[in-house]
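J.: mmCIF, C-alpha atoms, file input.cif:
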```cif
data_start
#
loop_
_atom_site.label_atom_id
_atom_site.label_comp_id
_atom_site.auth_asym_id
_atom_site.auth_seq_id
_atom_site.Cartn_x
_atom_site.Cartn_y
_atom_site.Cartn_z
CA MET R 1 -76.03 -44.72 9.72
CA LYS R 2 -74.86 -48.16 8.70
CA GLN R 3 -75.45 -49.47 12.21
CA THR R 4 -79.07 -48.27 12.18
CA GLY R 5 -79.58 -49.90 8.80
CA MET R 6 -78.10 -53.15 10.10
CA LYS R 7 -80.42 -53.06 13.11
CA ARG R 8 -83.39 -52.67 10.79
CA ILE R 9 -82.22 -55.60 8.68
CA LEU R 10 -81.75 -57.80 11.75
CA ILE R 11 -85.18 -56.84 13.06
CA ALA R 12 -86.74 -57.64 9.67
CA ILE R 13 -84.99 -61.01 9.55
CA SER R 14 -85.91 -61.94 13.12
CA SER R 15 -89.45 -60.59 13.15
CA VAL R 16 -92.23 -63.08 12.73
CA ASN R 17 -95.95 -62.56 13.06
CA ILE R 18 -97.51 -65.06 15.41
CA VAL R 19 -101.24 -65.72 15.54
CA SER R 20 -102.16 -65.67 19.23
CA ARG R 21 -104.08 -68.38 21.05
CA GLU R 22 -107.02 -66.00 21.34
CA GLN R 23 -107.01 -65.37 17.59
CA TRP R 24 -107.26 -69.07 16.71
CA GLY R 25 -109.77 -69.90 19.46
CA ALA R 26 -107.66 -71.91 21.90
CA ALA R 27 -109.26 -73.31 25.02
CA PRO R 28 -107.50 -72.29 28.23
CA PRO R 29 -104.84 -74.74 29.45
CA LYS R 30 -105.60 -76.94 32.45
CA GLN R 31 -102.31 -75.72 33.89
CA ARG R 32 -99.15 -74.01 32.64
CA GLU R 33 -95.54 -74.51 33.67
CA THR R 34 -92.71 -72.20 32.63
CA LEU R 35 -89.22 -73.23 31.57
CA ARG R 36 -86.57 -72.32 34.14
CA GLU R 37 -84.14 -71.00 31.53
CA PRO R 38 -83.95 -70.44 27.79
CA ALA R 39 -84.48 -73.64 25.82
CA GLN R 40 -81.34 -75.53 24.85
CA GLY R 41 -82.95 -77.20 21.88
CA VAL R 42 -85.83 -77.21 19.43
CA VAL R 43 -87.67 -80.34 18.34
CA ILE R 44 -89.33 -80.29 14.93
CA HIS R 45 -92.54 -82.30 14.53
CA HIS R 46 -95.34 -82.78 12.08
CA THR R 47 -98.90 -83.02 13.29
CA ALA R 48 -99.59 -86.03 11.03
CA PHE R 49 -103.08 -84.58 10.53
CA GLN R 50 -104.35 -82.53 7.60
CA SER R 51 -102.27 -79.73 6.16
CA CYS R 52 -103.85 -76.30 6.12
CA ARG R 53 -103.48 -72.82 4.68
CA GLY R 54 -104.94 -69.56 5.89
CA LEU R 55 -106.19 -68.36 9.24
CA ALA R 56 -109.67 -69.91 9.11
CA GLU R 57 -108.64 -73.35 7.87
CA CYS R 58 -105.64 -73.62 10.20
CA SER R 59 -107.63 -72.32 13.19
CA ASP R 60 -110.14 -75.14 12.70
CA GLU R 61 -107.30 -77.65 12.53
CA LEU R 62 -105.66 -76.19 15.65
CA VAL R 63 -108.87 -76.50 17.66
CA HIS R 64 -109.07 -80.14 16.51
CA ILE R 65 -105.44 -80.82 17.52
CA GLN R 66 -105.85 -79.11 20.89
CA ARG R 67 -109.00 -81.13 21.68
CA PHE R 68 -107.22 -84.33 20.64
CA HIS R 69 -104.23 -83.55 22.85
CA MET R 70 -106.32 -82.54 25.86
CA ASN R 71 -109.10 -85.14 25.60
CA GLU R 72 -107.40 -88.19 24.06
CA ARG R 73 -103.84 -87.79 25.30
CA ASP R 74 -104.78 -86.09 28.59
CA PHE R 75 -102.32 -83.21 28.05
CA ASP R 76 -102.84 -79.92 29.88
CA ASP R 77 -102.94 -78.08 26.55
CA ILE R 78 -101.91 -78.47 22.93
CA GLY R 79 -98.53 -80.19 23.07
CA TYR R 80 -96.44 -77.88 20.89
CA ASN R 81 -95.06 -74.43 21.61
CA PHE R 82 -95.71 -73.28 18.03
CA LEU R 83 -97.32 -74.66 14.89
CA VAL R 84 -96.92 -73.50 11.30
CA GLY R 85 -99.36 -73.78 8.40
CA GLY R 86 -98.44 -74.60 4.84
CA ASP R 87 -98.50 -70.93 3.88
CA GLY R 88 -96.04 -70.03 6.64
CA ILE R 89 -98.50 -68.63 9.18
CA VAL R 90 -97.10 -69.27 12.67
CA PHE R 91 -99.54 -70.05 15.47
CA GLU R 92 -98.92 -69.83 19.18
CA GLY R 93 -99.39 -73.20 20.84
CA ARG R 94 -98.09 -73.09 24.39
CA GLY R 95 -95.83 -70.21 23.40
CA TRP R 96 -92.38 -69.02 24.44
CA GLY R 97 -90.93 -70.12 27.76
CA VAL R 98 -93.61 -72.74 28.47
CA VAL R 99 -92.96 -76.44 29.10
CA GLY R 100 -94.50 -78.42 26.26
CA ALA R 101 -95.78 -81.98 25.89
CA HIS R 102 -94.15 -82.84 22.59
CA THR R 103 -91.14 -85.08 23.26
CA LYS R 104 -91.17 -87.43 26.25
CA GLY R 105 -88.14 -86.81 28.45
CA HIS R 106 -87.17 -83.57 26.67
CA ASN R 107 -89.94 -81.10 27.40
CA TYR R 108 -88.11 -79.19 30.14
CA ASP R 109 -85.18 -78.06 27.98
CA THR R 110 -86.63 -77.80 24.46
CA LEU R 111 -89.36 -76.09 22.50
CA GLY R 112 -91.58 -78.05 20.13
CA ILE R 113 -92.47 -76.65 16.71
CA ALA R 114 -94.94 -78.61 14.58
CA PHE R 115 -95.48 -78.25 10.85
CA MET R 116 -99.18 -78.79 10.23
CA GLY R 117 -99.67 -81.77 7.93
CA ASN R 118 -98.23 -85.18 7.25
CA PHE R 119 -94.76 -85.04 5.76
CA ASN R 120 -94.27 -88.71 5.03
CA ASN R 121 -95.56 -87.94 1.52
CA ASP R 122 -95.88 -84.14 1.36
CA SER R 123 -92.96 -81.72 1.44
CA PRO R 124 -92.81 -78.62 3.64
CA SER R 125 -93.37 -75.37 1.75
CA LYS R 126 -90.65 -72.78 1.36
CA ASP R 127 -92.93 -70.31 3.19
CA ALA R 128 -93.29 -72.64 6.19
CA LEU R 129 -89.54 -73.26 6.36
CA GLN R 130 -88.80 -69.53 6.09
CA SER R 131 -91.27 -68.72 8.87
CA VAL R 132 -89.70 -71.30 11.18
CA ARG R 133 -86.25 -69.85 10.44
CA ARG R 134 -87.55 -66.43 11.45
CA LEU R 135 -89.19 -67.88 14.56
CA LEU R 136 -85.89 -69.47 15.62
CA VAL R 137 -83.95 -66.25 15.07
CA SER R 138 -86.61 -64.36 17.02
CA GLY R 139 -86.42 -66.88 19.87
CA VAL R 140 -82.67 -66.37 20.18
CA SER R 141 -82.84 -62.58 19.90
CA ARG R 142 -85.60 -62.40 22.53
CA GLY R 143 -83.76 -64.72 24.96
CA PHE R 144 -86.12 -67.70 24.78
CA LEU R 145 -83.58 -69.94 23.01
CA GLN R 146 -79.91 -70.41 23.84
CA PRO R 147 -77.79 -68.84 21.08
CA HIS R 148 -76.24 -72.23 20.23
CA PHE R 149 -79.37 -74.35 20.59
CA VAL R 150 -79.56 -77.80 18.99
CA LEU R 151 -82.22 -78.56 16.40
CA PHE R 152 -83.68 -82.08 16.41
CA GLY R 153 -86.24 -83.97 14.43
CA HIS R 154 -88.59 -85.77 16.83
CA ARG R 155 -87.22 -89.14 15.64
CA ASP R 156 -83.76 -88.12 16.89
CA LEU R 157 -85.09 -88.30 20.45
CA GLY R 158 -87.59 -91.16 20.35
CA ALA R 159 -88.90 -94.17 18.48
CA THR R 160 -91.13 -92.42 15.96
CA ALA R 161 -91.32 -91.62 12.25
CA CYS R 162 -92.05 -87.97 13.14
CA PRO R 163 -91.52 -85.45 11.55
CA GLY R 164 -92.01 -87.51 8.39
CA GLU R 165 -89.41 -88.36 5.76
CA ASN R 166 -89.70 -85.15 3.72
CA LEU R 167 -89.65 -82.73 6.64
CA TYR R 168 -86.78 -84.62 8.26
CA ALA R 169 -84.86 -84.30 4.99
CA ALA R 170 -85.44 -80.52 5.08
CA LEU R 171 -83.98 -80.04 8.59
CA PRO R 172 -80.50 -79.09 7.27
CA GLN R 173 -82.15 -76.00 5.71
CA LEU R 174 -83.35 -74.97 9.18
CA ARG R 175 -80.03 -75.80 10.83
CA SER R 176 -78.05 -73.72 8.34
CA ALA R 177 -80.19 -70.66 9.03
CA THR R 178 -79.53 -70.57 12.79
#
```
I need this file expressed as structure tokens, please.
T.:
Amino acid sequence: MKQTGMKRILIAISSVNIVSREQWGAAPPKQRETLREPAQGVVIHHTAFQSCRGLAECSDELVHIQRFHMNERDFDDIGYNFLVGGDGIVFEGRGWGVVGAHTKGHNYDTLGIAFMGNFNNDSPSKDALQSVRRLLVSGVSRGFLQPHFVLFGHRDLGATACPGENLYAALPQLRSAT
């Protein structure tokens, strides 16, 4: 009995609802490349665009980001594997097991998760942080992330201010949950 209860608790902790690409209106990628093995790390970003809340508002922002990435940066798709709105809604970018375009030189062994907004001045919400914790636990339990993956802020791997001062300061909260 206790074991069944524990399994339910673990499933509840690791479950996260993810809004699919179809649900937010993603354009198809130009091409898609899969990771050869589970990711060894996760890179946390901010989009540095507007923050958003709710499915409709965040979907509009996602379409904007995807167009920017594909048309202005010449990416094959939106750069991140997942994005999270201010209310904690998680959106599928490239998704699990797909090579991203988020951190030059590190896209073949990491996943990129972007908090939607600019966190140089704003702080990430508790809901957004909790959703990312659940996403990370889910990634490990489903075999998409190595159990002892490393969590980075984008600035740890390149010359950038990303993910913003306030989100970077919150990274220990994400590290302690994994």
J.: Tell me, counting only C-alpha atoms, for each residue of region 54-133 of chain R within 12 Å of region 163-178 of chain R, which pair of atoms is nearest and how far apart they are in Å to one decimal, in rows ordered by chain and increasing number, as a tab-separated table.
T.:
```
residue	atom	partner	partner_atom	distance
R:His102	CA	R:Pro163	CA	11.6
R:Thr103	CA	R:Pro163	CA	11.7
R:Gly112	CA	R:Pro163	CA	11.3
R:Ile113	CA	R:Pro163	CA	10.2
R:Ala114	CA	R:Pro163	CA	8.2
R:Phe115	CA	R:Pro163	CA	8.2
R:Met116	CA	R:Pro163	CA	10.2
R:Gly117	CA	R:Gly164	CA	9.6
R:Asn118	CA	R:Gly164	CA	6.7
R:Phe119	CA	R:Gly164	CA	4.5
R:Asn120	CA	R:Gly164	CA	4.2
R:Asn121	CA	R:Asn166	CA	6.9
R:Asp122	CA	R:Asn166	CA	6.7
R:Ser123	CA	R:Asn166	CA	5.3
R:Pro124	CA	R:Leu167	CA	6.0
R:Ser125	CA	R:Leu167	CA	9.6
R:Lys126	CA	R:Ala170	CA	10.0
R:Ala128	CA	R:Leu174	CA	10.6
R:Leu129	CA	R:Leu174	CA	7.0
R:Gln130	CA	R:Leu174	CA	8.3
R:Ser131	CA	R:Leu174	CA	10.1
R:Val132	CA	R:Leu174	CA	7.6
R:Arg133	CA	R:Leu174	CA	6.0
```
J.: Identify, on the basis of all atoms listed in the file, every residue whose closest approach to Val90 (chain R) does not exceed 12 Å; exclude the query and any residue fewer than 2 positions from it along the same chain; express the result as a ChimeraX atom specification.
T.: /R:15-21,23-24,52-55,58-59,62,80-88,92-93,95,113-116,127-136
J.: Keeping only C-alpha atoms, write the selected residues as a short mmCIF file (atom, residue, chain, number, x, y, z; two decimals), in the frame of the given file.
T.:
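The resulting result.cif:
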```
data_model
loop_
_atom_site.label_atom_id
_atom_site.label_comp_id
_atom_site.auth_asym_id
_atom_site.auth_seq_id
_atom_site.Cartn_x
_atom_site.Cartn_y
_atom_site.Cartn_z
CA SER R 15 -89.45 -60.59 13.15
CA VAL R 16 -92.23 -63.08 12.73
CA ASN R 17 -95.95 -62.56 13.06
CA ILE R 18 -97.51 -65.06 15.41
CA VAL R 19 -101.24 -65.72 15.54
CA SER R 20 -102.16 -65.67 19.23
CA ARG R 21 -104.08 -68.38 21.05
CA GLN R 23 -107.01 -65.37 17.59
CA TRP R 24 -107.26 -69.07 16.71
CA CYS R 52 -103.85 -76.30 6.12
CA ARG R 53 -103.48 -72.82 4.68
CA GLY R 54 -104.94 -69.56 5.89
CA LEU R 55 -106.19 -68.36 9.24
CA CYS R 58 -105.64 -73.62 10.20
CA SER R 59 -107.63 -72.32 13.19
CA LEU R 62 -105.66 -76.19 15.65
CA TYR R 80 -96.44 -77.88 20.89
CA ASN R 81 -95.06 -74.43 21.61
CA PHE R 82 -95.71 -73.28 18.03
CA LEU R 83 -97.32 -74.66 14.89
CA VAL R 84 -96.92 -73.50 11.30
CA GLY R 85 -99.36 -73.78 8.40
CA GLY R 86 -98.44 -74.60 4.84
CA ASP R 87 -98.50 -70.93 3.88
CA GLY R 88 -96.04 -70.03 6.64
CA GLU R 92 -98.92 -69.83 19.18
CA GLY R 93 -99.39 -73.20 20.84
CA GLY R 95 -95.83 -70.21 23.40
CA ILE R 113 -92.47 -76.65 16.71
CA ALA R 114 -94.94 -78.61 14.58
CA PHE R 115 -95.48 -78.25 10.85
CA MET R 116 -99.18 -78.79 10.23
CA ASP R 127 -92.93 -70.31 3.19
CA ALA R 128 -93.29 -72.64 6.19
CA LEU R 129 -89.54 -73.26 6.36
CA GLN R 130 -88.80 -69.53 6.09
CA SER R 131 -91.27 -68.72 8.87
CA VAL R 132 -89.70 -71.30 11.18
CA ARG R 133 -86.25 -69.85 10.44
CA ARG R 134 -87.55 -66.43 11.45
CA LEU R 135 -89.19 -67.88 14.56
CA LEU R 136 -85.89 -69.47 15.62
#
```
J.: So the first atom is CA of Pro147 (chain R) and the second is CA of Gln40 (chain R); what is the distance between them in Å, to one decimal place?
T.: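 CA of Gln40 (chain R) lies at a distance of 8.5 Å from CA of Pro147 (chain R).
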J.: The PyMOL selection byres ((chain R and resi 69-71) around 12) - which residues does that actually catch in the file I just gave you? List them as a count of residues only.
T.: 27
J.: Quick one: apply the PyMOL selection byres ((chain R and resi 37) around 8) to the file and drop the selected residues here as a PyMOL selection string.
T.: chain R and resi 35-36+38-39+97+109+144
J.: Where's the centre, and what are the edge lengths in Å to one decimal, of a box along x, y and z enclosing all listed atoms of region 112-130 of chain R padded 6 Å per side, as lines of an AutoDock Vina configuration file?
T.:
```
center_x = -94.2
center_y = -79.1
center_z = 10.7
size_x = 22.9
size_y = 31.2
size_z = 30.8
```
J.: Mind pulling up the distance from CA of Gly158 (chain R) to CA of Ile89 (chain R)?
T.: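 It comes out at 27.4 Å.
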J.: What is the distance, in Å and to one decimal place, between CA of Ser141 (chain R) and CA of Thr34 (chain R)?
T.: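 Interatomic distance, CA of Ser141 (chain R) to CA of Thr34 (chain R): 18.8 Å.
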J.: Can you list, as a ChimeraX atom specification, every protein, DNA or RNA residue that comes within 10 Å of Asp156 (chain R) when you count only C-alpha atoms, leaving out same-chain residues fewer than 5 positions away?
T.: /R:43-44,151,161-163,168
J.: Counting only C-alpha atoms, figure out which residue out of R:Phe91, R:Gly139, R:Ala159, R:His46 gets nearest to Thr110 (chain R).
T.: R:Gly139
J.: How about completing region 74-85 of chain R with all heavy atoms and giving it to me as a compact mmCIF listing (two decimals), in the coordinates of the input?
T.:
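Now in selection01.txt:
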```
# COMPACT_ATOMS: atom_id res chain seq x y z
N ASP R 74 -104.74 -86.62 27.23
CA ASP R 74 -104.78 -86.09 28.59
C ASP R 74 -103.66 -85.09 28.88
O ASP R 74 -103.12 -85.02 29.98
CB ASP R 74 -104.78 -87.22 29.62
CG ASP R 74 -105.34 -86.78 30.96
OD1 ASP R 74 -106.19 -85.87 30.98
OD2 ASP R 74 -104.89 -87.33 31.99
N PHE R 75 -103.29 -84.30 27.86
CA PHE R 75 -102.32 -83.21 28.05
C PHE R 75 -103.05 -82.03 28.70
O PHE R 75 -104.26 -81.91 28.61
CB PHE R 75 -101.74 -82.74 26.71
CG PHE R 75 -100.86 -83.72 25.99
CD1 PHE R 75 -100.44 -83.42 24.70
CD2 PHE R 75 -100.44 -84.91 26.54
CE1 PHE R 75 -99.61 -84.28 23.99
CE2 PHE R 75 -99.62 -85.79 25.86
CZ PHE R 75 -99.20 -85.47 24.57
N ASP R 76 -102.28 -81.13 29.29
CA ASP R 76 -102.84 -79.92 29.88
C ASP R 76 -103.23 -78.88 28.84
O ASP R 76 -103.97 -77.95 29.13
CB ASP R 76 -101.84 -79.28 30.86
CG ASP R 76 -101.62 -80.14 32.09
OD1 ASP R 76 -102.56 -80.84 32.51
OD2 ASP R 76 -100.50 -80.10 32.63
N ASP R 77 -102.73 -79.05 27.62
CA ASP R 77 -102.94 -78.08 26.55
C ASP R 77 -102.50 -78.74 25.25
O ASP R 77 -102.08 -79.90 25.25
CB ASP R 77 -102.10 -76.82 26.83
CG ASP R 77 -102.50 -75.60 26.03
OD1 ASP R 77 -103.41 -75.69 25.18
OD2 ASP R 77 -101.90 -74.53 26.25
N ILE R 78 -102.52 -78.00 24.16
CA ILE R 78 -101.91 -78.47 22.93
C ILE R 78 -100.44 -78.76 23.25
O ILE R 78 -99.84 -78.06 24.08
CB ILE R 78 -102.10 -77.43 21.80
CG1 ILE R 78 -101.82 -78.03 20.44
CG2 ILE R 78 -101.29 -76.17 22.07
CD1 ILE R 78 -102.32 -77.18 19.28
N GLY R 79 -99.87 -79.76 22.67
CA GLY R 79 -98.53 -80.19 23.07
C GLY R 79 -97.38 -79.31 22.63
O GLY R 79 -96.35 -79.25 23.29
N TYR R 80 -97.53 -78.62 21.51
CA TYR R 80 -96.44 -77.88 20.89
C TYR R 80 -96.39 -76.43 21.35
O TYR R 80 -97.40 -75.83 21.68
CB TYR R 80 -96.59 -77.89 19.36
CG TYR R 80 -96.88 -79.25 18.79
CD1 TYR R 80 -98.14 -79.56 18.27
CD2 TYR R 80 -95.92 -80.25 18.79
CE1 TYR R 80 -98.42 -80.81 17.75
CE2 TYR R 80 -96.19 -81.51 18.29
CZ TYR R 80 -97.45 -81.78 17.77
OH TYR R 80 -97.73 -83.03 17.27
N ASN R 81 -95.20 -75.85 21.29
CA ASN R 81 -95.06 -74.43 21.61
C ASN R 81 -95.54 -73.55 20.46
O ASN R 81 -96.16 -72.51 20.68
CB ASN R 81 -93.61 -74.10 21.96
CG ASN R 81 -93.15 -74.84 23.20
OD1 ASN R 81 -92.66 -75.96 23.09
ND2 ASN R 81 -93.35 -74.25 24.34
N PHE R 82 -95.28 -74.00 19.22
CA PHE R 82 -95.71 -73.28 18.03
C PHE R 82 -96.06 -74.28 16.95
O PHE R 82 -95.54 -75.39 16.92
CB PHE R 82 -94.61 -72.33 17.52
CG PHE R 82 -94.26 -71.24 18.48
CD1 PHE R 82 -93.21 -71.40 19.36
CD2 PHE R 82 -95.02 -70.09 18.54
CE1 PHE R 82 -92.90 -70.40 20.28
CE2 PHE R 82 -94.73 -69.09 19.46
CZ PHE R 82 -93.67 -69.25 20.34
N LEU R 83 -96.95 -73.85 16.05
CA LEU R 83 -97.32 -74.66 14.89
C LEU R 83 -97.28 -73.74 13.68
O LEU R 83 -97.50 -72.52 13.80
CB LEU R 83 -98.71 -75.24 15.06
CG LEU R 83 -98.87 -76.20 16.25
CD1 LEU R 83 -99.41 -75.45 17.45
CD2 LEU R 83 -99.78 -77.35 15.90
N VAL R 84 -97.01 -74.31 12.51
CA VAL R 84 -96.92 -73.50 11.30
C VAL R 84 -97.73 -74.15 10.19
O VAL R 84 -97.65 -75.35 9.97
CB VAL R 84 -95.45 -73.25 10.89
CG1 VAL R 84 -94.74 -74.54 10.55
CG2 VAL R 84 -95.35 -72.29 9.73
N GLY R 85 -98.55 -73.32 9.53
CA GLY R 85 -99.36 -73.78 8.40
C GLY R 85 -98.54 -73.83 7.12
O GLY R 85 -97.42 -73.32 7.05
```
